[in-house]
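Quick look at run20.txt (compact mmCIF, C-alpha atoms and all ligand atoms):
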```
# COMPACT_ATOMS: atom_id res chain seq x y z
CA MET L 26 33.93 -11.54 5.40
CA ASN L 27 34.22 -14.61 3.17
CA ARG L 28 30.85 -15.86 2.16
CA ARG L 29 30.46 -19.31 0.69
CA PRO L 30 29.63 -19.25 -3.03
CA VAL L 31 25.97 -18.79 -3.73
CA GLU L 32 24.42 -22.17 -4.43
CA PHE L 33 20.88 -23.33 -4.25
CA LYS L 34 20.99 -26.67 -2.57
CA ASN L 35 18.14 -28.27 -4.39
CA ASP L 36 18.58 -27.16 -7.92
CA GLU L 37 21.52 -26.03 -10.00
CA LYS L 38 19.10 -25.01 -12.70
CA VAL L 39 17.72 -22.37 -10.36
CA SER L 40 21.20 -20.95 -9.94
CA GLU L 41 21.72 -20.93 -13.71
CA PHE L 42 18.40 -19.22 -14.23
CA LEU L 43 19.29 -16.48 -11.75
CA ASN L 44 22.66 -15.98 -13.48
CA TYR L 45 20.79 -15.56 -16.73
CA LEU L 46 18.43 -13.01 -15.15
CA ILE L 47 21.30 -10.90 -13.85
CA GLU L 48 23.16 -11.04 -17.18
CA ASN L 49 19.96 -10.25 -19.05
CA GLY L 50 19.33 -7.14 -16.92
CA GLY L 51 16.24 -8.74 -15.36
CA PRO L 52 13.42 -11.03 -16.37
CA GLU L 53 11.56 -10.83 -19.65
CA LEU L 54 7.80 -11.22 -19.50
CA ARG L 55 8.19 -14.89 -20.44
CA ASP L 56 10.42 -15.43 -17.36
CA TYR L 57 7.94 -14.11 -14.79
CA GLU L 58 6.18 -17.40 -14.21
CA LYS L 59 9.39 -19.32 -13.62
CA LEU L 60 10.85 -16.67 -11.32
CA THR L 61 7.60 -16.49 -9.34
CA SER L 62 7.50 -20.24 -9.00
CA ILE L 63 11.12 -20.34 -7.78
CA VAL L 64 10.43 -17.63 -5.23
CA ASN L 65 7.14 -19.16 -4.08
CA ASN L 66 8.80 -22.51 -3.50
CA MET L 67 12.04 -21.22 -2.01
CA ASP L 68 13.30 -22.84 1.15
CA PRO L 69 13.56 -20.05 3.75
CA ALA L 70 17.13 -21.21 4.41
CA ASP L 71 18.04 -20.15 0.86
CA ILE L 72 16.68 -16.63 1.02
CA ASN L 73 19.90 -14.91 2.09
CA ASP L 74 21.85 -16.63 -0.67
CA PHE L 75 19.20 -15.65 -3.16
CA ARG L 76 19.42 -12.01 -2.11
CA GLU L 77 23.22 -12.19 -2.31
CA LYS L 78 22.90 -13.45 -5.86
CA ILE L 79 20.76 -10.48 -6.92
CA LYS L 80 22.57 -7.90 -4.77
CA THR L 81 23.50 -5.74 -7.78
CA ILE L 82 19.84 -4.83 -8.15
CA LEU L 83 18.82 -4.91 -4.51
CA ASN L 84 19.51 -1.23 -4.00
CA GLU L 85 18.00 2.21 -4.58
CA ASN L 86 18.19 1.81 -8.36
CA THR L 87 15.22 -0.52 -8.45
CA LEU L 88 11.77 -0.51 -6.88
CA ILE L 89 12.28 -3.93 -5.30
CA GLY L 90 15.62 -2.64 -3.97
CA HIS L 91 13.96 0.49 -2.57
CA ALA L 92 11.48 -1.72 -0.73
CA PHE L 93 14.37 -3.88 0.51
CA ILE L 94 16.53 -0.95 1.69
CA LYS L 95 13.60 0.92 3.32
CA PRO L 96 15.23 4.37 3.24
CA TYR L 97 12.44 5.81 5.41
CA GLY L 98 12.56 2.93 7.87
CA TYR L 99 9.51 1.07 6.55
CA PRO L 100 8.55 -0.57 3.27
CA GLY L 101 5.73 0.93 1.19
CA ASP L 102 6.83 4.51 1.78
CA PHE L 103 5.44 7.54 -0.05
CA ILE L 104 8.17 7.48 -2.73
CA LEU L 105 7.49 3.86 -3.60
CA LEU L 106 3.72 4.39 -3.62
CA ASP L 107 4.03 7.48 -5.76
CA ARG L 108 6.18 5.59 -8.27
CA ILE L 109 3.67 2.72 -8.35
CA TYR L 110 0.85 5.14 -9.19
CA LYS L 111 2.90 6.68 -11.98
CA PHE L 112 4.11 3.31 -13.28
CA ASP L 113 7.57 4.83 -13.03
CA VAL L 114 10.51 2.62 -14.09
CA ASN L 115 14.25 3.28 -14.08
CA GLU L 116 15.18 3.63 -17.76
CA ASP L 117 18.74 2.36 -17.14
CA SER L 118 18.95 -0.98 -18.96
CA ARG L 119 20.51 -2.64 -15.88
CA TYR L 120 17.36 -1.99 -13.86
CA LYS L 121 14.44 -1.42 -16.19
CA LYS L 122 13.32 -5.04 -16.49
CA TRP L 123 13.39 -5.44 -12.72
CA ASP L 124 11.19 -2.38 -12.34
CA LEU L 125 8.83 -3.71 -14.98
CA LEU L 126 8.64 -6.97 -13.04
CA PHE L 127 7.63 -4.97 -9.96
CA GLN L 128 5.16 -2.74 -11.75
CA ASN L 129 3.52 -5.70 -13.48
CA GLN L 130 2.91 -7.54 -10.23
CA PRO L 131 -0.74 -8.11 -9.29
CA ALA L 132 -0.05 -6.32 -5.97
CA ALA L 133 1.10 -3.15 -7.78
CA ASN L 134 -1.99 -3.26 -9.98
CA ALA L 135 -4.15 -3.71 -6.89
CA VAL L 136 -2.60 -0.57 -5.35
CA ARG L 137 -3.43 1.40 -8.49
CA ASN L 138 -6.96 -0.03 -8.35
CA ARG L 139 -7.45 1.09 -4.79
CA LYS L 140 -6.74 4.67 -5.81
CA ASP L 141 -9.57 4.38 -8.34
CA PHE L 142 -11.77 3.07 -5.53
CA PHE L 143 -10.96 6.15 -3.47
CA VAL L 144 -11.77 8.50 -6.34
CA GLU L 145 -15.12 6.76 -6.78
CA TYR L 146 -15.96 7.17 -3.08
CA CYS L 147 -15.14 10.89 -3.20
CA LYS L 148 -17.16 11.33 -6.39
CA ASN L 149 -20.24 9.77 -4.74
CA LEU L 150 -19.74 11.83 -1.61
CA VAL L 151 -19.75 15.08 -3.54
CA LEU L 152 -22.98 14.08 -5.25
CA LYS L 153 -24.54 13.25 -1.89
CA LYS L 154 -23.47 16.16 0.26
CA GLN L 155 -22.24 19.77 0.09
CA ASN L 156 -19.24 20.64 2.28
CA ALA L 157 -18.43 17.02 3.07
CA LYS L 158 -15.29 16.15 5.05
CA VAL L 159 -12.82 13.35 4.40
CA LEU L 160 -10.24 12.06 6.88
CA ILE L 161 -7.33 10.05 5.51
CA LEU L 162 -5.36 7.77 7.82
CA GLY L 163 -1.81 7.19 6.53
CA SER L 164 -1.98 9.55 3.58
CA GLY L 165 1.50 8.83 2.12
CA PRO L 166 2.02 10.69 -1.19
CA ALA L 167 -1.71 11.67 -1.33
CA GLU L 168 -1.72 10.89 -5.02
CA ASP L 169 -5.32 9.69 -4.56
CA VAL L 170 -6.39 13.12 -3.28
CA TYR L 171 -4.42 14.84 -6.03
CA GLU L 172 -6.03 12.72 -8.70
CA PHE L 173 -9.52 13.33 -7.38
CA LEU L 174 -9.12 17.09 -7.03
CA THR L 175 -7.45 17.37 -10.41
CA SER L 176 -10.12 15.30 -12.15
CA TYR L 177 -13.04 16.99 -10.39
CA PRO L 178 -12.03 20.64 -9.88
CA GLU L 179 -15.66 21.57 -9.28
CA SER L 180 -15.52 19.62 -6.00
CA ASN L 181 -14.19 22.64 -4.18
CA ASN L 182 -16.53 22.20 -1.23
CA LEU L 183 -15.01 18.86 -0.24
CA SER L 184 -12.29 19.13 2.39
CA PHE L 185 -9.57 16.64 3.29
CA GLU L 186 -7.73 16.13 6.55
CA LEU L 187 -4.61 14.04 6.11
CA ILE L 188 -2.68 12.16 8.79
CA ASP L 189 0.74 10.58 8.41
CA PHE L 190 3.46 10.01 10.98
CA ASP L 191 6.25 10.58 8.46
CA GLN L 192 7.14 14.25 8.02
CA ALA L 193 8.81 13.45 4.68
CA ALA L 194 5.51 12.01 3.43
CA ILE L 195 3.63 15.09 4.64
CA ASP L 196 6.10 17.43 2.92
CA PHE L 197 5.88 15.45 -0.30
CA SER L 198 2.08 15.35 -0.34
CA MET L 199 1.86 19.03 0.58
CA LYS L 200 4.08 20.02 -2.31
CA LYS L 201 2.15 17.83 -4.72
CA ASN L 202 -1.19 19.27 -3.60
CA LYS L 203 -0.04 22.87 -3.26
CA LYS L 204 -2.73 24.22 -5.51
CA PHE L 205 -5.42 22.58 -3.36
CA ASP L 206 -4.09 24.08 -0.12
CA ARG L 207 -7.44 25.63 0.75
CA GLN L 208 -9.11 22.22 0.82
CA ILE L 209 -6.46 20.16 2.61
CA SER L 210 -5.00 20.15 6.11
CA TYR L 211 -2.11 18.00 7.30
CA ASN L 212 -1.26 16.37 10.62
CA ARG L 213 1.99 14.65 11.44
CA ILE L 214 1.02 12.13 14.08
CA ASN L 215 0.48 8.43 14.60
CA VAL L 216 -3.12 7.63 13.63
CA LEU L 217 -3.48 5.70 16.86
CA ARG L 218 -2.85 8.92 18.81
CA PHE L 219 -4.70 11.50 16.74
CA ASN L 220 -7.66 13.14 18.45
CA SER L 221 -10.29 14.95 16.49
CA TYR L 222 -13.32 16.88 17.61
CA GLU L 223 -14.60 16.97 14.03
CA LEU L 224 -16.91 14.51 12.33
CA TYR L 225 -16.15 13.13 8.87
CA ASP L 226 -18.34 11.77 6.10
CA LEU L 227 -15.61 9.49 4.82
CA ILE L 228 -12.71 8.05 6.78
CA TRP L 229 -10.29 6.36 4.43
CA SER L 230 -7.36 4.16 5.37
CA ALA L 231 -5.21 2.38 2.79
CA GLY L 232 -1.89 0.66 3.35
CA ILE L 233 -1.59 0.93 7.11
CA THR L 234 -3.57 -1.87 8.76
CA ASP L 235 -1.54 -4.29 6.64
CA TYR L 236 1.22 -3.49 9.16
CA PHE L 237 -1.01 -3.58 12.23
CA LYS L 238 -1.61 -6.45 14.60
CA ASP L 239 -5.31 -7.29 15.06
CA LYS L 240 -5.45 -5.48 18.39
CA HIS L 241 -4.28 -2.19 16.81
CA PHE L 242 -6.65 -2.66 13.89
CA THR L 243 -9.52 -3.12 16.36
CA PHE L 244 -8.41 -0.09 18.33
CA LEU L 245 -8.32 1.98 15.13
CA ILE L 246 -11.93 1.10 14.33
CA ARG L 247 -13.12 1.74 17.89
CA LYS L 248 -11.41 5.10 17.89
CA TYR L 249 -12.54 6.39 14.51
CA ILE L 250 -16.11 5.12 14.51
CA ASN L 251 -16.78 8.00 16.88
CA CYS L 252 -15.54 10.45 14.25
CA LEU L 253 -18.12 9.48 11.61
CA THR L 254 -21.17 11.59 10.82
CA GLU L 255 -24.58 9.88 10.68
CA GLY L 256 -24.57 8.19 7.28
CA GLY L 257 -20.77 8.48 7.18
CA VAL L 258 -18.57 5.62 6.05
CA MET L 259 -15.20 4.26 7.12
CA VAL L 260 -13.27 2.29 4.50
CA ILE L 261 -10.14 0.38 5.46
CA SER L 262 -8.15 -1.43 2.83
CA ASN L 263 -6.11 -4.51 3.68
CA PHE L 264 -4.22 -6.91 1.43
CA SER L 265 -5.93 -10.27 1.01
CA THR L 266 -4.24 -13.58 1.82
CA LYS L 267 -4.82 -14.29 -1.89
CA ASN L 268 -2.17 -11.73 -2.90
CA PRO L 269 -0.15 -13.61 -5.58
CA THR L 270 2.81 -11.25 -5.03
CA LYS L 271 3.07 -12.06 -1.31
CA ARG L 272 6.12 -14.33 -1.47
CA LEU L 273 7.90 -12.14 -4.02
CA MET L 274 7.59 -9.18 -1.66
CA GLU L 275 8.79 -11.24 1.29
CA VAL L 276 11.63 -13.13 -0.35
CA ILE L 277 13.07 -10.37 -2.52
CA SER L 278 12.27 -7.19 -0.60
CA ASN L 279 11.93 -8.48 2.97
CA TRP L 280 8.49 -6.86 2.90
CA TYR L 281 6.04 -8.58 5.20
CA LEU L 282 2.37 -7.61 5.47
CA ASN L 283 -0.44 -8.90 7.63
CA HIS L 284 -2.53 -10.33 4.84
CA ARG L 285 -6.12 -10.96 5.88
CA THR L 286 -9.22 -12.78 4.67
CA GLU L 287 -12.73 -11.33 4.43
CA THR L 288 -13.59 -13.40 7.50
CA ASP L 289 -10.69 -11.81 9.39
CA LEU L 290 -12.03 -8.36 8.54
CA PHE L 291 -15.55 -9.20 9.73
CA ARG L 292 -14.12 -10.66 12.94
CA ILE L 293 -12.00 -7.56 13.59
CA ALA L 294 -15.03 -5.32 13.10
CA SER L 295 -16.99 -7.53 15.49
CA ASP L 296 -14.13 -7.35 18.04
CA ALA L 297 -14.45 -3.57 17.77
CA ASN L 298 -18.12 -3.96 18.77
CA ILE L 299 -19.45 -2.82 15.42
CA ASP L 300 -22.96 -3.98 14.70
CA LYS L 301 -22.73 -6.50 11.86
CA GLU L 302 -25.50 -4.74 9.91
CA MET L 303 -23.08 -1.84 9.48
CA VAL L 304 -20.27 -3.95 8.05
CA SER L 305 -19.46 -5.20 4.57
CA VAL L 306 -16.34 -6.13 2.64
CA GLU L 307 -15.62 -4.93 -0.87
CA LYS L 308 -12.68 -5.63 -3.14
CA GLU L 309 -11.01 -4.07 -6.15
CA PRO L 310 -11.30 -5.95 -9.45
CA LEU L 311 -8.30 -8.22 -8.75
CA GLY L 312 -9.60 -9.17 -5.30
CA ILE L 313 -6.17 -8.46 -3.83
CA ASN L 314 -7.05 -5.33 -1.88
CA LEU L 315 -10.02 -5.93 0.40
CA PHE L 316 -11.97 -3.00 1.83
CA LEU L 317 -13.65 -3.27 5.19
CA LYS L 318 -16.56 -0.87 4.97
CA ILE L 319 -18.40 0.39 8.03
CA LEU L 320 -21.48 2.48 7.43
CA LYS L 321 -22.79 4.49 10.36
CA ASN L 322 -26.54 4.88 10.43
C1 LIG H 401 1.67 2.20 2.21
S1 LIG H 401 1.55 3.95 2.43
C2 LIG H 401 -0.08 4.24 1.80
C3 LIG H 401 -0.31 5.66 1.45
C4 LIG H 401 -1.69 5.99 0.90
N1 LIG H 401 -2.75 5.70 1.84
C5 LIG H 401 -1.95 5.25 -0.38
O1 LIG H 401 -2.72 4.27 -0.38
O2 LIG H 401 -1.39 5.64 -1.41
C6 LIG H 401 1.32 4.06 4.17
C7 LIG H 401 1.51 5.46 4.73
O3 LIG H 401 0.97 5.46 6.04
C8 LIG H 401 1.87 6.02 6.95
N2 LIG H 401 1.63 5.31 8.23
C9 LIG H 401 1.80 4.00 8.49
N3 LIG H 401 1.43 3.73 9.75
C10 LIG H 401 1.02 4.90 10.29
C11 LIG H 401 0.52 5.28 11.57
N4 LIG H 401 0.39 4.38 12.54
N5 LIG H 401 0.20 6.57 11.77
C12 LIG H 401 0.33 7.50 10.79
N6 LIG H 401 0.80 7.20 9.56
C13 LIG H 401 1.14 5.91 9.32
C14 LIG H 401 3.25 5.81 6.36
O4 LIG H 401 4.14 6.82 6.80
C15 LIG H 401 2.96 5.88 4.87
O5 LIG H 401 3.12 7.18 4.38
```

Starting from the file, give its structure as structure tokens.
Ligand SMILES: C[S@@+](CC[C@H](N)C(=O)[O-])C[C@H]1O[C@@H](n2cnc3c(N)ncnc32)[C@H](O)[C@@H]1O
Amino acid sequence: MNRRPVEFKNDEKVSEFLNYLIENGGPELRDYEKLTSIVNNMDPADINDFREKIKTILNENTLIGHAFIKPYGYPGDFILLDRIYKFDVNEDSRYKKWDLLFQNQPAANAVRNRKDFFVEYCKNLVLKKQNAKVLILGSGPAEDVYEFLTSYPESNNLSFELIDFDQAAIDFSMKKNKKFDRQISYNRINVLRFNSYELYDLIWSAGITDYFKDKHFTFLIRKYINCLTEGGVMVISNFSTKNPTKRLMEVISNWYLNHRTETDLFRIASDANIDKEMVSVEKEPLGINLFLKILKN
């Protein structure tokens, strides 16, 4: 198929800049602001041409390409998340700067911060209760669990039940956490269909409601509030509308999330008939990942 040459209608300088980026093997730190501004202001009609222009990096060799290709059928898969946590970049000079661009994004830092948040919750839980139980909705690579159990090996009375609908994610997390087998169980099922007769002290969900419509989010809360112990807490992370990387994810990687405000989270909890005294919203230091927290008394 003959495509028309890639041109950005409004600005030849944009085109020149993108040529420079490709020739340079990606943006330098000093180019981030300009690239972000171009992407943030891009006319939606230009997006396909833009992607055509950067097609040599929009593939499995880069993190933004991985997100674009979606090899597991959805963006934000366990491989991508695991690489974010490890700050992994492709050392090949054709791709490295693009991976650094990705890893230096506020959204990637917010994901790393939310892992720290999880570790903190588990730490407090162990101090509070012997034999506590944690349920994780959408466990992905379970790097958060791995980090906690590795950092606090004395927490061998804490048990984790993990749910993910992707068998590849389950296999990956199981292999990673092999040495903690005794403390972890795995379930391959959609979180909206999982039924448990157990009660949990902490129910943790990160990186799934960002893909849910409000009605599924509400359903999730209604369903899992019944699985909390007295004094138990449910924490659900969701990207904030203030995410500065939002347009970059959408324009480059075709990665769309349901970003939400604090008010949205309170409203969703209220729609799920949760008493407002039980609800609060926390955020990681960048304010990009919000955490809807529901405490059952
Ligand atoms: C963005 S990753 C987040 C992983 C992990 N919670 C973290 O923060 O590192 C989302 C994970 O949730 C899983 N997932 C998404 N929707 C799901 C659903 N409805 N039921 C079960 N798993 C789901 C995906 O397969 C993926 O592994």

For L:Gln192, find every residue with an atom within 12 Å (counting all atoms listed in the file), except residues of its own chain fewer than 2 positions away, and show them as a PDB file with C-alpha atoms, in the coordinates of the input.
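Result file follows (result_26.pdb):
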```
ATOM      1  CA  TYR L  97      12.440   5.810   5.410  1.00  0.00           C
ATOM      2  CA  ASP L 102       6.830   4.510   1.780  1.00  0.00           C
ATOM      3  CA  PHE L 103       5.440   7.540  -0.050  1.00  0.00           C
ATOM      4  CA  GLY L 163      -1.810   7.190   6.530  1.00  0.00           C
ATOM      5  CA  SER L 164      -1.980   9.550   3.580  1.00  0.00           C
ATOM      6  CA  GLY L 165       1.500   8.830   2.120  1.00  0.00           C
ATOM      7  CA  PRO L 166       2.020  10.690  -1.190  1.00  0.00           C
ATOM      8  CA  LEU L 187      -4.610  14.040   6.110  1.00  0.00           C
ATOM      9  CA  ILE L 188      -2.680  12.160   8.790  1.00  0.00           C
ATOM     10  CA  ASP L 189       0.740  10.580   8.410  1.00  0.00           C
ATOM     11  CA  PHE L 190       3.460  10.010  10.980  1.00  0.00           C
ATOM     12  CA  ALA L 194       5.510  12.010   3.430  1.00  0.00           C
ATOM     13  CA  ILE L 195       3.630  15.090   4.640  1.00  0.00           C
ATOM     14  CA  ASP L 196       6.100  17.430   2.920  1.00  0.00           C
ATOM     15  CA  PHE L 197       5.880  15.450  -0.300  1.00  0.00           C
ATOM     16  CA  SER L 198       2.080  15.350  -0.340  1.00  0.00           C
ATOM     17  CA  MET L 199       1.860  19.030   0.580  1.00  0.00           C
ATOM     18  CA  TYR L 211      -2.110  18.000   7.300  1.00  0.00           C
ATOM     19  CA  ASN L 212      -1.260  16.370  10.620  1.00  0.00           C
ATOM     20  CA  ARG L 213       1.990  14.650  11.440  1.00  0.00           C
ATOM     21  CA  ILE L 214       1.020  12.130  14.080  1.00  0.00           C
ATOM     22  CA  ASN L 215       0.480   8.430  14.600  1.00  0.00           C
TER      23      ASN L 215
END
```

Which polymer residues, protein or nucleic acid, are no farther than 6 Å from (10.8, 0.4, -12.0), counting all atoms listed in the file, as a VMD selection string?
-> chain L and resid 87 to 88 113 to 115 121 124 to 125

Do you know which residues are at most 8 Å from stretch 75-84 of chain L counting only C-alpha atoms, after dropping those on the same chain fewer than 2 positions away, and could you put them as a PyMOL selection string?
-> chain L and resi 31+33+43+47+71-73+86-87+89-91+93-94+120+123+277-278

Have a look at L:Lys140, L:Lys95, L:Lys111, L:Lys122 and name the one nearest to ligand LIG 401 (chain H); count only C-alpha atoms and all ligand atoms.
->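 Comparing L:Lys140, L:Lys95, L:Lys111, L:Lys122 against ligand LIG 401 (chain H), the winner is L:Lys140.
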
Shell of 8 Å around L:Lys158, all atoms listed in the file, local chain residues under 5 positions omitted, as a ChimeraX atom specification | /L:183-186,224-227

Kindly give the distance, in Å, that separates atom CA of L:Phe242 and atom CA of L:Ser221, rounded to a single decimal.
->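 Computed distance, atom CA of L:Phe242 to atom CA of L:Ser221, equals 18.2 Å.
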
Could you jot down the atom CA of L:Asn268 to atom CA of L:Pro310 separation for me, Å, one decimal place?
->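 Atom-to-atom, atom CA of L:Asn268 to atom CA of L:Pro310, that is 12.6 Å.
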
Give as a PDB file with C-alpha atoms, in the coordinates of the input the set of residues within 9 Å of the point (-8.2, 4.8, 7.8), where distances use the file's coordinates and all atoms listed in the file.
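Contents of part00.pdb, as written:
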```
ATOM      1  CA  LEU L 160     -10.240  12.060   6.880  1.00  0.00           C
ATOM      2  CA  ILE L 161      -7.330  10.050   5.510  1.00  0.00           C
ATOM      3  CA  LEU L 162      -5.360   7.770   7.820  1.00  0.00           C
ATOM      4  CA  GLY L 163      -1.810   7.190   6.530  1.00  0.00           C
ATOM      5  CA  SER L 164      -1.980   9.550   3.580  1.00  0.00           C
ATOM      6  CA  VAL L 216      -3.120   7.630  13.630  1.00  0.00           C
ATOM      7  CA  ILE L 228     -12.710   8.050   6.780  1.00  0.00           C
ATOM      8  CA  TRP L 229     -10.290   6.360   4.430  1.00  0.00           C
ATOM      9  CA  SER L 230      -7.360   4.160   5.370  1.00  0.00           C
ATOM     10  CA  ALA L 231      -5.210   2.380   2.790  1.00  0.00           C
ATOM     11  CA  GLY L 232      -1.890   0.660   3.350  1.00  0.00           C
ATOM     12  CA  ILE L 233      -1.590   0.930   7.110  1.00  0.00           C
ATOM     13  CA  THR L 234      -3.570  -1.870   8.760  1.00  0.00           C
ATOM     14  CA  LEU L 245      -8.320   1.980  15.130  1.00  0.00           C
ATOM     15  CA  ILE L 246     -11.930   1.100  14.330  1.00  0.00           C
ATOM     16  CA  TYR L 249     -12.540   6.390  14.510  1.00  0.00           C
ATOM     17  CA  MET L 259     -15.200   4.260   7.120  1.00  0.00           C
ATOM     18  CA  VAL L 260     -13.270   2.290   4.500  1.00  0.00           C
ATOM     19  CA  ILE L 261     -10.140   0.380   5.460  1.00  0.00           C
ATOM     20  CA  SER L 262      -8.150  -1.430   2.830  1.00  0.00           C
TER      21      SER L 262
END
```

Write out as an mmCIF file with C-alpha atoms, keeping the file's coordinate frame the residues lying within 8 Å of L:Tyr281, counting only C-alpha atoms and excluding same-chain residues fewer than 4 positions away.
```
data_model
loop_
_atom_site.group_PDB
_atom_site.id
_atom_site.type_symbol
_atom_site.label_atom_id
_atom_site.label_comp_id
_atom_site.auth_asym_id
_atom_site.auth_seq_id
_atom_site.Cartn_x
_atom_site.Cartn_y
_atom_site.Cartn_z
ATOM 1 C CA LYS L 271 3.070 -12.060 -1.310
ATOM 2 C CA MET L 274 7.590 -9.180 -1.660
ATOM 3 C CA GLU L 275 8.790 -11.240 1.290
#
```

Of the residues L:Arg137, L:Arg119, L:Lys308, L:Arg272, which is the one nearest to L:Asp68, using all atoms listed in the file?
->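 Among the listed residues, the smallest separation from L:Asp68 belongs to L:Arg272.
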
Atom-to-atom span, atom CA of L:Thr266 and atom CA of L:His284, Å |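 So the answer is 4.8 Å.
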
Which one of L:Asp296, L:Glu37, L:Glu307, L:Asp191 sits closest to ligand LIG 401 (chain H) if you count all atoms listed in the file?
->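 Checking each of L:Asp296, L:Glu37, L:Glu307, L:Asp191 against ligand LIG 401 (chain H), counting all atoms listed in the file, the winner is L:Asp191.
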